[in-house]
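*Asks:* Next up, run.tsv (TSV, C-alpha atoms).
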```tsv
chain	number	residue	atom	x	y	z
Q	247	MET	CA	-3.78	-32.63	-9.84
Q	248	LEU	CA	-6.73	-30.33	-9.29
Q	249	LEU	CA	-5.91	-26.65	-9.36
Q	250	SER	CA	-7.69	-24.09	-7.12
Q	251	SER	CA	-11.38	-23.52	-7.24
Q	252	CYS	CA	-13.21	-25.87	-9.54
Q	253	PHE	CA	-12.49	-29.20	-7.80
Q	254	PHE	CA	-13.52	-30.94	-11.01
Q	255	SER	CA	-12.85	-34.60	-11.61
Q	256	CYS	CA	-11.09	-34.79	-14.95
Q	257	ARG	CA	-11.24	-38.51	-15.58
Q	258	PHE	CA	-11.76	-39.06	-19.26
Q	259	HIS	CA	-15.40	-40.04	-19.74
Q	260	MET	CA	-17.01	-41.00	-23.02
Q	261	GLY	CA	-19.25	-38.03	-23.62
Q	262	ASN	CA	-18.90	-34.40	-24.46
Q	263	LEU	CA	-16.99	-33.20	-21.41
Q	264	LEU	CA	-13.42	-33.60	-22.59
Q	265	LYS	CA	-10.35	-33.65	-20.43
Q	266	VAL	CA	-7.51	-31.42	-21.52
Q	267	LEU	CA	-4.15	-33.09	-21.68
Q	268	THR	CA	-2.13	-30.20	-20.29
Q	269	TYR	CA	-2.68	-27.67	-17.52
Q	270	ASN	CA	-1.55	-24.11	-17.19
Q	271	GLU	CA	-0.39	-23.46	-13.65
Q	272	LEU	CA	-1.67	-19.91	-13.87
Q	273	ASP	CA	-5.24	-21.08	-14.50
Q	274	GLN	CA	-7.77	-21.00	-11.70
Q	275	GLY	CA	-8.78	-24.55	-12.52
Q	276	PRO	CA	-8.37	-27.42	-14.92
Q	277	ASN	CA	-9.24	-26.83	-18.55
Q	278	PHE	CA	-12.12	-28.85	-19.96
Q	279	PHE	CA	-14.72	-28.51	-22.67
Q	280	LEU	CA	-18.43	-29.08	-22.16
Q	281	ASP	CA	-20.08	-29.49	-25.53
Q	282	PHE	CA	-23.21	-27.38	-25.19
Q	283	GLU	CA	-24.06	-28.05	-28.82
Q	284	ASN	CA	-24.16	-31.84	-29.01
Q	285	ALA	CA	-24.60	-33.51	-25.60
Q	286	GLN	CA	-27.20	-36.32	-25.78
Q	287	PRO	CA	-28.92	-38.08	-22.85
Q	288	THR	CA	-27.78	-41.49	-21.69
Q	289	GLU	CA	-30.37	-44.07	-20.63
Q	290	ALA	CA	-29.96	-43.04	-16.98
Q	291	GLU	CA	-30.69	-39.40	-17.84
Q	292	THR	CA	-33.69	-40.02	-20.09
Q	293	ALA	CA	-36.55	-39.71	-17.57
Q	294	VAL	CA	-35.45	-36.34	-16.19
Q	295	TRP	CA	-34.28	-35.17	-19.63
Q	296	ASN	CA	-37.71	-35.84	-21.15
Q	297	GLN	CA	-39.48	-34.01	-18.33
Q	298	VAL	CA	-37.23	-30.95	-18.67
Q	299	ASN	CA	-37.24	-31.07	-22.47
Q	300	ALA	CA	-41.04	-30.77	-22.51
Q	301	VAL	CA	-40.62	-27.40	-20.75
Q	302	LEU	CA	-37.65	-26.24	-22.80
Q	303	GLU	CA	-39.53	-26.92	-26.04
Q	304	GLU	CA	-41.83	-24.02	-25.07
Q	305	ALA	CA	-38.97	-21.66	-24.25
Q	306	GLN	CA	-38.28	-20.42	-27.80
Q	307	ALA	CA	-41.96	-19.72	-28.40
Q	308	VAL	CA	-42.10	-17.71	-25.15
Q	309	LEU	CA	-39.05	-15.66	-26.17
Q	310	ALA	CA	-40.48	-15.07	-29.65
Q	311	GLU	CA	-43.79	-13.88	-28.15
Q	312	LEU	CA	-41.99	-11.59	-25.73
Q	313	GLN	CA	-39.75	-10.21	-28.48
Q	314	SER	CA	-42.79	-9.28	-30.57
Q	315	TYR	CA	-44.68	-7.78	-27.61
Q	316	THR	CA	-45.53	-4.21	-28.64
Q	317	GLY	CA	-48.10	-3.32	-26.00
Q	318	ALA	CA	-51.26	-1.21	-26.13
Q	319	GLY	CA	-49.65	2.13	-25.32
Q	320	GLN	CA	-51.54	4.18	-27.89
Q	321	GLU	CA	-54.96	2.76	-27.00
Q	322	ILE	CA	-54.28	3.27	-23.28
Q	323	ARG	CA	-53.13	6.87	-23.79
Q	324	GLU	CA	-56.26	7.71	-25.82
Q	325	ALA	CA	-58.51	6.11	-23.19
Q	326	ILE	CA	-56.83	8.01	-20.33
Q	327	GLN	CA	-56.95	11.33	-22.20
Q	328	ASN	CA	-60.66	10.84	-23.00
Q	329	PRO	CA	-62.19	9.28	-19.88
Q	330	GLY	CA	-65.73	10.05	-21.00
Q	331	ASP	CA	-65.41	8.33	-24.38
Q	332	LEU	CA	-66.76	4.81	-23.81
Q	333	GLN	CA	-65.73	3.70	-27.28
Q	334	LEU	CA	-62.09	4.51	-26.55
Q	335	GLN	CA	-62.36	2.80	-23.14
Q	336	GLU	CA	-63.63	-0.36	-24.83
Q	337	LYS	CA	-60.96	-0.16	-27.51
Q	338	ALA	CA	-58.20	0.02	-24.87
Q	339	TRP	CA	-59.73	-2.77	-22.84
Q	340	HIS	CA	-60.00	-5.09	-25.86
Q	341	ALA	CA	-56.41	-4.26	-26.80
Q	342	VAL	CA	-55.07	-4.99	-23.31
Q	343	CYS	CA	-56.94	-8.22	-22.53
Q	344	PRO	CA	-55.14	-10.50	-25.03
Q	345	LEU	CA	-51.83	-9.00	-23.93
Q	346	VAL	CA	-52.57	-9.76	-20.28
Q	347	ALA	CA	-53.49	-13.32	-21.29
Q	348	LYS	CA	-50.04	-13.52	-22.89
Q	349	LEU	CA	-48.39	-12.18	-19.72
Q	350	LYS	CA	-50.27	-14.83	-17.75
Q	351	ARG	CA	-48.82	-17.54	-20.02
Q	352	PHE	CA	-45.32	-16.17	-19.42
Q	353	TYR	CA	-45.90	-16.24	-15.66
Q	354	GLU	CA	-47.27	-19.80	-15.76
Q	355	PHE	CA	-44.26	-20.84	-17.82
Q	356	SER	CA	-41.99	-19.51	-15.05
Q	357	LEU	CA	-43.67	-21.96	-12.65
Q	358	ARG	CA	-43.00	-24.88	-15.01
Q	359	LEU	CA	-39.43	-23.68	-15.42
Q	360	GLU	CA	-39.05	-23.65	-11.64
Q	361	ASN	CA	-40.17	-27.29	-11.45
Q	362	ALA	CA	-37.78	-28.24	-14.26
Q	363	LEU	CA	-34.89	-26.59	-12.42
Q	364	ARG	CA	-35.78	-28.50	-9.27
Q	365	SER	CA	-35.71	-31.81	-11.16
Q	366	LEU	CA	-32.28	-30.98	-12.56
Q	367	LEU	CA	-30.91	-29.92	-9.16
Q	368	GLU	CA	-32.14	-33.18	-7.65
Q	369	ALA	CA	-30.49	-35.18	-10.43
Q	370	LEU	CA	-27.20	-33.26	-10.41
Q	371	THR	CA	-26.71	-33.27	-6.62
Q	372	SER	CA	-28.08	-36.69	-5.56
Q	373	PRO	CA	-25.83	-39.21	-3.77
Q	374	PRO	CA	-23.61	-41.16	-4.21
Q	375	TYR	CA	-21.89	-38.92	-6.75
Q	376	ALA	CA	-20.45	-35.50	-6.07
Q	377	PRO	CA	-22.01	-32.70	-8.16
Q	378	THR	CA	-18.89	-32.37	-10.28
Q	379	GLN	CA	-19.06	-36.09	-11.07
Q	380	HIS	CA	-22.70	-35.64	-12.05
Q	381	LEU	CA	-21.72	-32.91	-14.51
Q	382	GLU	CA	-19.19	-35.28	-16.03
Q	383	ARG	CA	-21.51	-38.28	-16.17
Q	384	GLU	CA	-24.77	-36.51	-17.06
Q	385	GLN	CA	-23.75	-33.95	-19.64
Q	386	ALA	CA	-27.15	-33.77	-21.34
Q	387	LEU	CA	-28.72	-32.68	-18.03
Q	388	ALA	CA	-25.91	-30.16	-17.54
Q	389	LYS	CA	-26.71	-28.82	-21.00
Q	390	GLN	CA	-30.41	-28.50	-20.08
Q	391	PHE	CA	-29.44	-26.66	-16.91
Q	392	ALA	CA	-27.42	-24.30	-19.09
Q	393	GLU	CA	-30.37	-23.89	-21.48
Q	394	ILE	CA	-32.66	-22.88	-18.60
Q	395	LEU	CA	-30.14	-20.22	-17.53
Q	396	HIS	CA	-29.73	-19.02	-21.10
Q	397	PHE	CA	-33.50	-18.68	-21.51
Q	398	THR	CA	-33.79	-16.92	-18.16
Q	399	LEU	CA	-31.28	-14.19	-18.93
Q	400	SER	CA	-32.65	-13.80	-22.48
Q	401	PHE	CA	-36.19	-13.39	-21.14
Q	402	ASP	CA	-35.14	-10.88	-18.50
Q	403	GLU	CA	-33.12	-8.79	-20.96
Q	404	LEU	CA	-36.18	-8.50	-23.20
Q	405	LYS	CA	-38.48	-7.72	-20.26
Q	406	MET	CA	-36.19	-5.00	-18.87
Q	407	THR	CA	-36.18	-3.15	-22.19
Q	408	ASN	CA	-39.96	-3.30	-22.68
Q	409	PRO	CA	-41.83	-0.86	-20.37
Q	410	ALA	CA	-45.10	-1.70	-22.17
Q	411	ILE	CA	-45.38	-4.87	-20.06
Q	412	GLN	CA	-45.67	-2.98	-16.77
Q	413	ASN	CA	-47.82	-0.25	-18.33
Q	414	ASP	CA	-50.30	-2.69	-19.87
Q	415	PHE	CA	-50.65	-4.72	-16.71
Q	416	SER	CA	-51.04	-1.61	-14.52
Q	417	TYR	CA	-53.80	-0.33	-16.78
Q	418	TYR	CA	-55.49	-3.72	-16.67
Q	419	ARG	CA	-55.44	-3.79	-12.86
Q	420	ARG	CA	-56.70	-0.21	-12.58
Q	421	THR	CA	-59.57	-0.97	-14.92
Q	422	ILE	CA	-60.48	-4.13	-13.01
Q	423	SER	CA	-60.46	-2.20	-9.70
Q	424	ARG	CA	-62.52	0.67	-11.11
Q	425	ASN	CA	-65.14	-1.67	-12.51
Q	426	ARG	CA	-65.24	-3.71	-9.30
Q	427	ILE	CA	-66.03	-0.51	-7.40
Q	428	ASN	CA	-68.82	0.11	-9.90
Q	429	ASN	CA	-70.01	-3.52	-9.56
Q	430	LEU	CA	-69.22	-4.32	-13.19
Q	431	GLN	CA	-67.94	-7.78	-14.09
Q	432	LEU	CA	-65.49	-7.91	-17.00
Q	433	ASP	CA	-65.01	-11.00	-19.16
Q	434	ALA	CA	-61.24	-11.12	-18.68
Q	435	GLU	CA	-61.59	-11.43	-14.90
Q	436	SER	CA	-62.49	-15.08	-15.29
Q	437	GLU	CA	-59.13	-15.70	-16.98
Q	438	VAL	CA	-56.96	-13.56	-14.70
Q	439	ASN	CA	-58.70	-13.39	-11.34
Q	440	ASN	CA	-57.58	-11.18	-8.49
Q	441	GLU	CA	-55.35	-13.80	-6.87
Q	442	MET	CA	-53.59	-14.54	-10.17
Q	443	ALA	CA	-53.27	-10.81	-10.86
Q	444	ASN	CA	-51.58	-10.31	-7.47
Q	445	ARG	CA	-49.06	-13.06	-8.18
Q	446	MET	CA	-48.39	-11.76	-11.68
Q	447	SER	CA	-47.95	-8.25	-10.29
Q	448	LEU	CA	-45.22	-9.44	-7.91
Q	449	PHE	CA	-43.56	-11.36	-10.75
Q	450	TYR	CA	-43.46	-8.46	-13.22
Q	451	ALA	CA	-42.46	-5.94	-10.54
Q	452	GLU	CA	-39.06	-7.64	-10.45
Q	453	ALA	CA	-36.42	-6.18	-12.76
Q	454	THR	CA	-35.38	-9.74	-13.67
Q	455	PRO	CA	-38.43	-11.90	-12.89
Q	456	MET	CA	-37.22	-15.22	-14.33
Q	457	LEU	CA	-33.88	-14.94	-12.55
Q	458	LYS	CA	-35.66	-14.14	-9.30
Q	459	THR	CA	-37.82	-17.25	-9.82
Q	460	LEU	CA	-34.76	-19.47	-10.30
Q	461	SER	CA	-32.92	-17.89	-7.36
Q	462	ASN	CA	-35.90	-18.47	-5.08
Q	463	ALA	CA	-36.30	-22.02	-6.37
Q	464	THR	CA	-32.62	-22.82	-5.75
Q	465	THR	CA	-32.71	-21.33	-2.26
Q	466	LYS	CA	-35.90	-23.29	-1.52
Q	467	PHE	CA	-34.30	-26.50	-2.85
Q	468	VAL	CA	-31.36	-26.07	-0.46
Q	469	SER	CA	-33.57	-25.26	2.55
Q	470	GLU	CA	-35.93	-28.20	1.93
Q	471	ASN	CA	-33.14	-30.75	1.46
Q	472	LYS	CA	-31.58	-30.46	4.88
Q	473	THR	CA	-29.73	-33.78	4.57
Q	474	LEU	CA	-28.02	-32.55	1.41
Q	475	PRO	CA	-24.94	-30.40	2.16
Q	476	ILE	CA	-25.34	-26.92	0.72
Q	477	GLU	CA	-21.91	-27.38	-0.88
Q	478	ASP	CA	-23.38	-30.07	-3.16
Q	479	THR	CA	-25.56	-27.40	-4.78
Q	480	THR	CA	-23.03	-24.56	-4.73
Q	481	ASP	CA	-20.22	-26.79	-6.07
Q	482	CYS	CA	-22.45	-27.71	-8.98
Q	483	LEU	CA	-22.93	-24.00	-9.74
Q	484	SER	CA	-19.29	-22.98	-9.23
Q	485	THR	CA	-18.06	-25.81	-11.43
Q	486	MET	CA	-20.44	-24.78	-14.23
Q	487	ALA	CA	-19.15	-21.19	-13.94
Q	488	CYS	CA	-15.59	-22.48	-14.17
Q	489	VAL	CA	-16.42	-24.61	-17.22
Q	490	CYS	CA	-17.85	-21.59	-19.02
Q	491	ARG	CA	-15.03	-19.23	-18.08
Q	492	VAL	CA	-12.32	-21.62	-19.24
Q	493	MET	CA	-14.09	-22.28	-22.55
Q	494	LEU	CA	-14.56	-18.56	-23.18
Q	495	GLU	CA	-10.96	-17.57	-22.42
Q	496	THR	CA	-9.31	-20.48	-24.26
Q	497	PRO	CA	-9.11	-19.89	-28.03
Q	498	GLU	CA	-8.70	-23.57	-28.86
Q	499	TYR	CA	-12.01	-24.33	-27.13
Q	500	ARG	CA	-13.86	-21.33	-28.53
Q	501	SER	CA	-12.84	-22.53	-31.97
Q	502	ARG	CA	-14.75	-25.77	-31.33
Q	503	PHE	CA	-18.05	-23.94	-31.27
Q	504	THR	CA	-19.69	-24.54	-34.62
Q	505	ASN	CA	-22.41	-21.96	-33.97
Q	506	THR	CA	-21.51	-18.34	-33.24
Q	507	GLU	CA	-24.52	-18.10	-30.89
Q	508	THR	CA	-22.84	-20.61	-28.56
Q	509	LEU	CA	-20.42	-17.90	-27.40
Q	510	LEU	CA	-23.28	-15.73	-26.09
Q	511	PHE	CA	-24.95	-18.86	-24.71
Q	512	CYS	CA	-21.80	-19.65	-22.73
Q	513	MET	CA	-21.56	-16.10	-21.35
Q	514	ARG	CA	-25.19	-16.09	-20.26
Q	515	VAL	CA	-24.84	-19.45	-18.55
Q	516	MET	CA	-21.73	-18.31	-16.69
Q	517	VAL	CA	-23.47	-15.18	-15.41
Q	518	GLY	CA	-26.61	-17.13	-14.51
Q	519	VAL	CA	-24.79	-19.66	-12.36
Q	520	ILE	CA	-22.77	-16.90	-10.67
Q	521	ILE	CA	-26.00	-15.13	-9.66
Q	522	LEU	CA	-27.58	-18.36	-8.43
Q	523	TYR	CA	-24.42	-19.17	-6.46
Q	524	ASP	CA	-24.42	-15.69	-4.95
Q	525	HIS	CA	-28.04	-16.07	-3.82
Q	526	VAL	CA	-27.63	-19.56	-2.37
Q	527	HIS	CA	-24.15	-19.54	-0.82
Q	528	PRO	CA	-23.98	-17.98	2.67
Q	529	VAL	CA	-21.04	-15.69	1.79
Q	530	GLY	CA	-21.78	-15.40	-1.92
Q	531	ALA	CA	-19.74	-15.37	-5.10
Q	532	PHE	CA	-17.59	-12.29	-4.45
Q	533	ALA	CA	-15.81	-13.24	-1.22
Q	534	LYS	CA	-12.20	-14.42	-1.27
Q	535	THR	CA	-13.38	-17.86	-0.11
Q	536	SER	CA	-15.72	-18.18	-3.12
Q	537	LYS	CA	-15.03	-21.12	-5.43
Q	538	ILE	CA	-15.74	-18.88	-8.42
Q	539	ASP	CA	-12.91	-16.85	-9.96
Q	540	MET	CA	-14.91	-13.62	-10.19
Q	541	LYS	CA	-12.03	-11.54	-11.55
Q	542	GLY	CA	-11.53	-14.05	-14.35
Q	543	CYS	CA	-15.26	-14.22	-15.12
Q	544	ILE	CA	-15.65	-10.43	-15.25
Q	545	LYS	CA	-12.51	-10.06	-17.36
Q	546	VAL	CA	-13.71	-12.61	-19.91
Q	547	LEU	CA	-16.99	-10.69	-20.23
Q	548	LYS	CA	-15.19	-7.37	-20.65
Q	549	ASP	CA	-13.01	-8.87	-23.35
Q	550	GLN	CA	-16.12	-9.37	-25.53
Q	551	PRO	CA	-17.88	-6.62	-27.57
Q	552	SER	CA	-19.79	-4.40	-25.11
Q	553	ASN	CA	-23.07	-4.67	-27.03
Q	554	SER	CA	-23.24	-8.38	-26.22
Q	555	THR	CA	-22.12	-8.18	-22.58
Q	556	GLU	CA	-23.39	-4.93	-21.03
Q	557	GLY	CA	-26.70	-6.55	-20.08
Q	558	LEU	CA	-24.82	-9.43	-18.47
Q	559	LEU	CA	-22.50	-7.10	-16.53
Q	560	ASN	CA	-25.59	-5.20	-15.36
Q	561	ALA	CA	-27.08	-8.49	-14.17
Q	562	LEU	CA	-23.97	-9.00	-12.01
Q	563	ARG	CA	-24.16	-5.40	-10.77
Q	564	TYR	CA	-27.84	-5.29	-9.90
Q	565	THR	CA	-29.22	-8.80	-9.35
Q	566	THR	CA	-26.53	-10.37	-7.15
Q	567	ARG	CA	-26.89	-10.32	-3.37
Q	568	HIS	CA	-23.35	-9.94	-2.00
Q	569	LEU	CA	-21.53	-7.55	-4.38
Q	570	ASN	CA	-21.66	-4.67	-1.89
Q	571	ASP	CA	-20.66	-6.77	1.12
Q	572	ASP	CA	-17.51	-5.81	3.03
Q	573	THR	CA	-15.99	-9.14	1.99
Q	574	THR	CA	-15.96	-8.09	-1.68
Q	575	SER	CA	-12.57	-6.79	-2.75
Q	576	LYS	CA	-12.21	-3.23	-4.06
Q	577	GLN	CA	-10.66	-4.66	-7.21
Q	578	ILE	CA	-13.79	-6.66	-8.07
Q	579	ARG	CA	-16.03	-3.67	-7.33
Q	580	ALA	CA	-13.86	-1.52	-9.55
Q	581	LEU	CA	-14.13	-4.04	-12.39
Q	582	LEU	CA	-17.93	-3.79	-12.25
Q	583	GLN	CA	-18.09	0.02	-12.08
```
Take the structure in the file and write it out as structure tokens.

*Replies:*
Amino acid sequence: MLLSSCFFSCRFHMGNLLKVLTYNELDQGPNFFLDFENAQPTEAETAVWNQVNAVLEEAQAVLAELQSYTGAGQEIREAIQNPGDLQLQEKAWHAVCPLVAKLKRFYEFSLRLENALRSLLEALTSPPYAPTQHLEREQALAKQFAEILHFTLSFDELKMTNPAIQNDFSYYRRTISRNRINNLQLDAESEVNNEMANRMSLFYAEATPMLKTLSNATTKFVSENKTLPIEDTTDCLSTMACVCRVMLETPEYRSRFTNTETLLFCMRVMVGVIILYDHVHPVGAFAKTSKIDMKGCIKVLKDQPSNSTEGLLNALRYTTRHLNDDTTSKQIRALLQ
């Protein structure tokens, strides 16, 4: 018997999504374990898996580059304080240009990530199977979906704590504008032209740019696939949130993780799918009619050490769309205060 919100088919299927033999009537849904560590693609999944994997292989390098991004703050300060010193102006410019090239690569990666997400959404919501059946049958694709969300929240956490990104890019744009007024052509303009700079500016102006990219992509996917019921997409997201919550709050499943990083991975994925659900579903994730147990999800985050979850709780507070709606209960709002 299916309990409450997940509507997940728990037929035993040879793969890494394992049915639990017993149910707790107090649970919001059936207990099951999605093996984020070991799921491998079946023959039917291979084409999409290979396409998405080519993008995901770049993800760690992007995170490593972002983590080591120190910026050109000192060079910029010296150039601003000494506007008549051409040597300092050149020094700042030459310090900023390679950093802007790096920011361009991050932005271009977000576009490839958007396409990868679209491929996964198409695969995980296509007829004749229901989305929850897809997650059961195509666990390697579900794992890739989770990996995209994990990367997205990791990227955005690093970006939010690094003001040098905005400062460097603002200085770059000011310098370009100033030199354009003076009819000077700078070498870097050929790499980041004005149109690209405008798009990058919109991207980095977002507090959580990668999450915004995925939210927009998911909303666009729903609007463009008018023959596909919106529930097919939102059920896919709500089921993934349920999977993560149950695994996090069930000690016997947490003990199956062989890597301690998988715990944080699971939390990030849960928060990511909640935010996507909240952006795509007409009434969002916080309403009583939502298929996501928000109280349970918030509680499981608060039960973890705060240093590993505060960024995730902030993502729920500040990047969701419906938290402050009248349909959100006072209890849920209080939990996120």

*Asks:* Between Q:Ala310, Q:Val301, Q:Leu349, Q:Cys343, which is the closest to Met442 in chain Q once you count only C-alpha atoms?

*Replies:*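 That would be Q:Leu349, the residue with the smallest distance to Met442 in chain Q.
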
*Asks:* Can you work out which one of Q:Ala580, Q:Ala341, Q:Met406, Q:Val519 has the shortest atom-to-atom distance to Gly557 in chain Q, counting only C-alpha atoms?

*Replies:*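 Among the listed residues, Q:Met406 lies closest to Gly557 in chain Q.
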
*Asks:* Give as a list in words the set of residues within 10 Å of the point (-47.2, -3.2, -28.2), where distances use the file's coordinates and all atoms listed in the file.

*Replies:* Ser314, Tyr315, Thr316, Gly317, Ala318, Gly319, Gln320, Glu321, Ala341, Val342, Leu345, Asn408, Pro409, Ala410, Ile411 and Asp414 of chain Q

*Asks:* Kindly export the residues of the current selection with C-alpha atoms, as a short mmCIF file (atom, residue, chain, number, x, y, z; two decimals), in the coordinates of the input.

*Replies:*
```cif
data_model
loop_
_atom_site.label_atom_id
_atom_site.label_comp_id
_atom_site.auth_asym_id
_atom_site.auth_seq_id
_atom_site.Cartn_x
_atom_site.Cartn_y
_atom_site.Cartn_z
CA SER Q 314 -42.79 -9.28 -30.57
CA TYR Q 315 -44.68 -7.78 -27.61
CA THR Q 316 -45.53 -4.21 -28.64
CA GLY Q 317 -48.10 -3.32 -26.00
CA ALA Q 318 -51.26 -1.21 -26.13
CA GLY Q 319 -49.65 2.13 -25.32
CA GLN Q 320 -51.54 4.18 -27.89
CA GLU Q 321 -54.96 2.76 -27.00
CA ALA Q 341 -56.41 -4.26 -26.80
CA VAL Q 342 -55.07 -4.99 -23.31
CA LEU Q 345 -51.83 -9.00 -23.93
CA ASN Q 408 -39.96 -3.30 -22.68
CA PRO Q 409 -41.83 -0.86 -20.37
CA ALA Q 410 -45.10 -1.70 -22.17
CA ILE Q 411 -45.38 -4.87 -20.06
CA ASP Q 414 -50.30 -2.69 -19.87
#
```

*Asks:* Which one is closest to Thr555 in chain Q: Q:Ala362, Q:Val346, Q:Ala386, Q:Met516? Count only C-alpha atoms.

*Replies:*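 When distances to Thr555 in chain Q are compared using only C-alpha atoms, the smallest one comes from Q:Met516.
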
*Asks:* Step by step: start from the point (-22.1, -19.4, -24.9) in the file's coordinates, keep every protein, DNA or RNA residue that has an atom no farther than 12 Å from it, count all atoms listed in the file, and write the set as a PyMOL selection string.

*Replies:* chain Q and resi 279-283+389+392-393+395-397+487+489-495+499-500+502-518+546-547+550+554-555

*Asks:* Check the smallest atom-to-atom distance from each of Q:Ser365, Q:Leu332, Q:Glu441, Q:Ala290 to Arg383 in chain Q using only C-alpha atoms, then report the winner.

*Replies:*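 Of the candidates, the smallest distance to Arg383 in chain Q is held by Q:Ala290.
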
*Asks:* I'd like the contact shell of range 561-577 of chain Q - 10 Å cut-off, all atoms listed in the file, skipping same-chain residues fewer than 3 positions apart - returned as a PyMOL selection string.

*Replies:* chain Q and resi 399+402-403+452-454+457-458+461+514+517-518+520-535+541+544+555-558+580-583

*Asks:* Residues near Leu404 in chain Q, anyone? I mean within 9 Å using only C-alpha atoms, not counting same-chain ones fewer than 3 positions away, as a list in words.

*Replies:*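 Listed by chain and then number, they are Leu309, Leu312, Gln313, Leu399, Ser400, Phe401, Thr407 and Asn408 of chain Q.
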
*Asks:* For Lys337 in chain Q, which residue among Q:Met446, Q:Ile322, Q:Leu381, Q:Leu357 is the nearest when counting only C-alpha atoms?

*Replies:* Q:Ile322

*Asks:* For Asp481 in chain Q, find every residue with an atom within 8 Å (counting all atoms listed in the file), except residues of its own chain fewer than 4 positions away, and show them as a list in words.

*Replies:* Cys252, Pro377, Thr378, Glu477, Thr485 and Lys537 of chain Q

*Asks:* With only C-alpha atoms as the atoms that count, which of Q:Lys472, Q:Arg358, Q:Arg364, Q:Lys350 lies nearest to Asn444 in chain Q?

*Replies:*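 Among the listed residues, the smallest separation from Asn444 in chain Q belongs to Q:Lys350.
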
*Asks:* Could you pull the residues within 12 Å of Thr473 in chain Q, counting only C-alpha atoms, minus those fewer than 5 positions along the same chain, as a PyMOL selection string?

*Replies:* chain Q and resi 371-373+467-468+478

*Asks:* Within 9 Å of Pro455 in chain Q, counting all atoms listed in the file, which residues show up once you throw out same-chain ones fewer than 6 positions away? Write them as a PyMOL selection string, please.

*Replies:* chain Q and resi 356+398+401-402+405+448-449

*Asks:* Please put the answer as AutoDock Vina command-line options: centre and edge lengths, in Å with one decimal, of a box along x, y and z that encloses all listed atoms of range 438-457 of chain Q plus 5 Å on each side.

*Replies:*
```
--center_x -46.3 --center_y -10.6 --center_z -10.8 --size_x 34.8 --size_y 19.3 --size_z 17.8
```

*Asks:* Where atoms are missing, can you supply all heavy atoms for range 420-424 of chain Q and output the lot as a tab-separated table (two decimals), in the coordinates of the input?

*Replies:*
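Result file follows (out16.tsv):
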```
chain	number	residue	atom	x	y	z
Q	420	ARG	N	-55.92	-1.40	-12.92
Q	420	ARG	CA	-56.70	-0.21	-12.58
Q	420	ARG	C	-58.12	-0.33	-13.10
Q	420	ARG	O	-59.09	0.03	-12.42
Q	420	ARG	CB	-56.04	1.05	-13.15
Q	420	ARG	CG	-54.77	1.49	-12.45
Q	420	ARG	CD	-54.43	2.93	-12.76
Q	420	ARG	NE	-54.36	3.21	-14.18
Q	420	ARG	CZ	-53.27	3.03	-14.94
Q	420	ARG	NH1	-52.15	2.57	-14.38
Q	420	ARG	NH2	-53.28	3.33	-16.22
Q	421	THR	N	-58.25	-0.83	-14.31
Q	421	THR	CA	-59.57	-0.97	-14.92
Q	421	THR	C	-60.41	-2.00	-14.17
Q	421	THR	O	-61.61	-1.78	-13.92
Q	421	THR	CB	-59.43	-1.39	-16.40
Q	421	THR	OG1	-58.59	-0.44	-17.08
Q	421	THR	CG2	-60.79	-1.42	-17.10
Q	422	ILE	N	-59.79	-3.10	-13.79
Q	422	ILE	CA	-60.48	-4.13	-13.01
Q	422	ILE	C	-60.98	-3.52	-11.69
Q	422	ILE	O	-62.13	-3.70	-11.29
Q	422	ILE	CB	-59.55	-5.33	-12.72
Q	422	ILE	CG1	-59.29	-6.14	-13.99
Q	422	ILE	CG2	-60.14	-6.22	-11.62
Q	422	ILE	CD1	-60.41	-7.03	-14.42
Q	423	SER	N	-60.10	-2.79	-11.00
Q	423	SER	CA	-60.46	-2.20	-9.70
Q	423	SER	C	-61.60	-1.18	-9.86
Q	423	SER	O	-62.55	-1.16	-9.05
Q	423	SER	CB	-59.25	-1.50	-9.08
Q	423	SER	OG	-58.23	-2.43	-8.82
Q	424	ARG	N	-61.49	-0.36	-10.89
Q	424	ARG	CA	-62.52	0.67	-11.11
Q	424	ARG	C	-63.88	0.03	-11.38
Q	424	ARG	O	-64.90	0.45	-10.85
Q	424	ARG	CB	-62.11	1.56	-12.29
Q	424	ARG	CG	-63.03	2.76	-12.51
Q	424	ARG	CD	-62.42	3.75	-13.47
Q	424	ARG	NE	-62.23	3.19	-14.80
Q	424	ARG	CZ	-61.03	2.98	-15.36
Q	424	ARG	NH1	-59.93	3.28	-14.68
Q	424	ARG	NH2	-60.94	2.47	-16.57
```
